[in-house]
Amino acid sequence: MLTALESKAQLVALGDDAEEQVRWMLRRTSGSWESRRLQLLDTIPGVTAYYSEGSAALAVDYYEDARAGAPGGYAPTPVVLDRTVRIRRGVAWATEPLSIDDDELAAARLAKLMRSELNRPYRDTILTNRRADPACVGWKRITDGDACPFCRALADRGAVYREATATFAAHDDCSCTAAPVFKGGAVGPEADVMQYMASGRRRTPKERAAIRDWISTYE
Ligand SMILES: [Zn+2]
């Protein structure tokens, strides 16, 4: 059986592959910087879609594995949201340094864009199936060894986000994944008030200040 960390390692390997691919695509472009940008605007969305399918498929594999022994039958499905507009905007940003011949920076930005886009379908697949599957009671945040204080705080105690409305707060460099938790399995402690608040999308200025204080205790 696949563990959450092993599944996450597969996603990282897929990301390595995607990163290599976009660096190669950048090297292959030619002409003026505007023309190179257009070439990448043409090709990167398709490549991202390809890797996004792969990411969602990894999440489905893991979901099925983690579900073994849970009551009832449920077949998870891959979830890949349409991000074309955002990706094109991301490519425009990533290729800006080409105007000053800084290919190195453009490559780094493209790599970053691919990573953050790739992590989405995995999380979206876990969270969407979690809501549809009666045997799933929530999800956990899976960080890696060098996660930032924000992510460590949200993942602390192996907290389970049980509220169906709980969202996954990710930042640009975040490579955290989500793992489903099922009835009949080992269910950890539920996320506390601060964890729910910090993971939520809407926050008041007062809540934001409280979250900052709380996260600083993880630094
Ligand atoms: Zn993270």
# chains A, B, ... in the order shown; residues from 1 in each chain; ligands from 1
call {"tool": "residues_around", "arguments": {"residues": "Leu58 (chain A)", "least_positions_apart": "2", "cutoff": "8 Å", "atoms": "only C-alpha atoms", "output": "list in words"}}
result
Ser7, Gln10, Leu11, Gly54, Ser55, Ala56, Val60, Asp61, Tyr62 and Tyr122 of chain A
call {"tool": "write_last_selection", "arguments": {"atoms": "N, CA and C atoms", "output": "mmCIF file, in the first residue's frame"}}
result
data_model
loop_
_atom_site.group_PDB
_atom_site.id
_atom_site.type_symbol
_atom_site.label_atom_id
_atom_site.label_comp_id
_atom_site.auth_asym_id
_atom_site.auth_seq_id
_atom_site.Cartn_x
_atom_site.Cartn_y
_atom_site.Cartn_z
ATOM 1 N N SER A 7 3.271 8.797 -2.149
ATOM 2 C CA SER A 7 2.478 9.396 -3.217
ATOM 3 C C SER A 7 2.973 10.818 -3.510
ATOM 4 N N GLN A 10 5.994 10.750 -5.604
ATOM 5 C CA GLN A 10 5.664 10.535 -7.024
ATOM 6 C C GLN A 10 5.293 11.865 -7.688
ATOM 7 N N LEU A 11 4.569 12.689 -6.939
ATOM 8 C CA LEU A 11 4.171 13.997 -7.473
ATOM 9 C C LEU A 11 5.404 14.882 -7.681
ATOM 10 N N GLY A 54 -1.713 13.927 -15.210
ATOM 11 C CA GLY A 54 -0.839 12.993 -14.496
ATOM 12 C C GLY A 54 -0.920 13.184 -12.995
ATOM 13 N N SER A 55 -0.957 14.443 -12.574
ATOM 14 C CA SER A 55 -1.043 14.761 -11.149
ATOM 15 C C SER A 55 -2.359 14.247 -10.563
ATOM 16 N N ALA A 56 -3.469 14.506 -11.260
ATOM 17 C CA ALA A 56 -4.783 14.041 -10.792
ATOM 18 C C ALA A 56 -4.827 12.510 -10.754
ATOM 19 N N VAL A 60 -5.757 9.991 -7.641
ATOM 20 C CA VAL A 60 -6.768 8.927 -7.718
ATOM 21 C C VAL A 60 -6.171 7.598 -7.234
ATOM 22 N N ASP A 61 -4.960 7.298 -7.702
ATOM 23 C CA ASP A 61 -4.277 6.064 -7.277
ATOM 24 C C ASP A 61 -4.144 6.023 -5.759
ATOM 25 N N TYR A 62 -3.704 7.134 -5.213
ATOM 26 C CA TYR A 62 -3.490 7.167 -3.770
ATOM 27 C C TYR A 62 -4.823 7.068 -3.018
ATOM 28 N N TYR A 122 -3.804 17.562 -7.922
ATOM 29 C CA TYR A 122 -3.681 16.520 -6.892
ATOM 30 C C TYR A 122 -4.589 16.880 -5.707
#
call {"tool": "residues_around", "arguments": {"residues": "Ala4 (chain A)", "least_positions_apart": "4", "cutoff": "9 Å", "atoms": "only C-alpha atoms", "output": "PyMOL selection string"}}
result
chain A and resi 8-9+62+66+142+177-179
call {"tool": "write_last_selection", "arguments": {"atoms": "N, CA, C and O atoms", "output": "compact mmCIF listing (two decimals), in the first residue's frame"}}
result
# COMPACT_ATOMS: atom_id res chain seq x y z
N LYS A 8 3.30 11.54 -2.45
CA LYS A 8 3.83 12.89 -2.60
C LYS A 8 5.17 12.87 -3.35
O LYS A 8 5.43 13.74 -4.18
N ALA A 9 5.98 11.85 -3.07
CA ALA A 9 7.27 11.71 -3.77
C ALA A 9 7.04 11.47 -5.26
O ALA A 9 7.80 11.97 -6.11
N TYR A 62 -3.70 7.13 -5.21
CA TYR A 62 -3.49 7.17 -3.77
C TYR A 62 -4.82 7.07 -3.02
O TYR A 62 -4.94 6.36 -2.02
N ALA A 66 -5.65 4.36 -0.21
CA ALA A 66 -5.93 4.78 1.16
C ALA A 66 -7.32 4.32 1.59
O ALA A 66 -7.60 4.12 2.77
N ILE A 142 -0.29 17.14 4.12
CA ILE A 142 0.98 16.42 4.12
C ILE A 142 2.10 17.37 3.68
O ILE A 142 2.12 17.81 2.53
N THR A 177 0.57 18.34 0.03
CA THR A 177 -0.54 17.63 -0.59
C THR A 177 -1.60 17.36 0.49
O THR A 177 -1.40 17.68 1.66
N ALA A 178 -2.73 16.79 0.07
CA ALA A 178 -3.77 16.42 1.00
C ALA A 178 -3.95 14.90 0.94
O ALA A 178 -3.81 14.31 -0.12
N ALA A 179 -4.23 14.30 2.10
CA ALA A 179 -4.48 12.86 2.15
C ALA A 179 -5.85 12.63 2.77
O ALA A 179 -6.17 13.21 3.81
call {"tool": "residues_around", "arguments": {"residues": "Ser52 (chain A)", "least_positions_apart": "3", "cutoff": "9 Å", "atoms": "only C-alpha atoms", "output": "ChimeraX atom specification"}}
result
/A:47-49,55-57,80,117-122
call {"tool": "residues_near_ligand", "arguments": {"ligand": "ligand 1", "cutoff": "7 Å", "atoms": "only C-alpha atoms and all ligand atoms", "output": "ChimeraX atom specification"}}
result
/A:143,147-148,151,170-171,174-176
call {"tool": "write_last_selection", "arguments": {"atoms": "N, CA, C and O atoms", "output": "compact mmCIF listing (two decimals), in the first residue's frame"}}
result
# COMPACT_ATOMS: atom_id res chain seq x y z
N THR A 143 3.00 17.67 4.60
CA THR A 143 4.11 18.58 4.29
C THR A 143 5.36 17.75 4.03
O THR A 143 5.38 16.56 4.30
N ALA A 147 9.14 22.24 5.19
CA ALA A 147 7.96 23.10 5.03
C ALA A 147 8.11 24.39 5.85
O ALA A 147 8.81 24.41 6.86
N CYS A 148 7.45 25.45 5.42
CA CYS A 148 7.51 26.73 6.11
C CYS A 148 6.63 26.69 7.36
O CYS A 148 5.80 25.79 7.51
N CYS A 151 2.81 26.19 6.80
CA CYS A 151 2.38 24.83 6.45
C CYS A 151 2.55 23.88 7.63
O CYS A 151 1.71 23.00 7.84
N ALA A 170 -2.95 27.25 0.16
CA ALA A 170 -1.61 27.02 -0.38
C ALA A 170 -1.03 28.35 -0.82
O ALA A 170 -1.76 29.25 -1.21
N HIS A 171 0.27 28.50 -0.70
CA HIS A 171 0.94 29.70 -1.19
C HIS A 171 1.78 29.30 -2.40
O HIS A 171 1.82 28.13 -2.77
N CYS A 174 4.26 26.43 -2.13
CA CYS A 174 3.75 25.34 -1.31
C CYS A 174 3.71 24.05 -2.11
O CYS A 174 3.17 23.99 -3.19
N SER A 175 4.31 23.00 -1.55
CA SER A 175 4.23 21.71 -2.23
C SER A 175 3.51 20.70 -1.35
O SER A 175 3.69 19.49 -1.49
N CYS A 176 2.69 21.19 -0.43
CA CYS A 176 1.93 20.29 0.44
C CYS A 176 0.86 19.57 -0.39
O CYS A 176 0.31 20.13 -1.33
call {"tool": "residues_around", "arguments": {"residues": "region 181-192 of chain A", "least_positions_apart": "5", "cutoff": "6 Å", "atoms": "only C-alpha atoms", "output": "list of chain:residue names"}}
result
A:Ala70, A:Ala135, A:Cys136, A:Val137, A:Gly138, A:Trp139, A:Ala159, A:Val160, A:Tyr161
call {"tool": "closest_residue", "arguments": {"among": "A:Ile87, A:Met114, A:Met197, A:Ala164", "to": "Leu14 (chain A)", "atoms": "only C-alpha atoms"}}
result
A:Met114
call {"tool": "closest_residue", "arguments": {"among": "A:Leu98, A:Asp173, A:Ala210, A:Leu105", "to": "Asp146 (chain A)", "atoms": "only C-alpha atoms"}}
result
A:Asp173
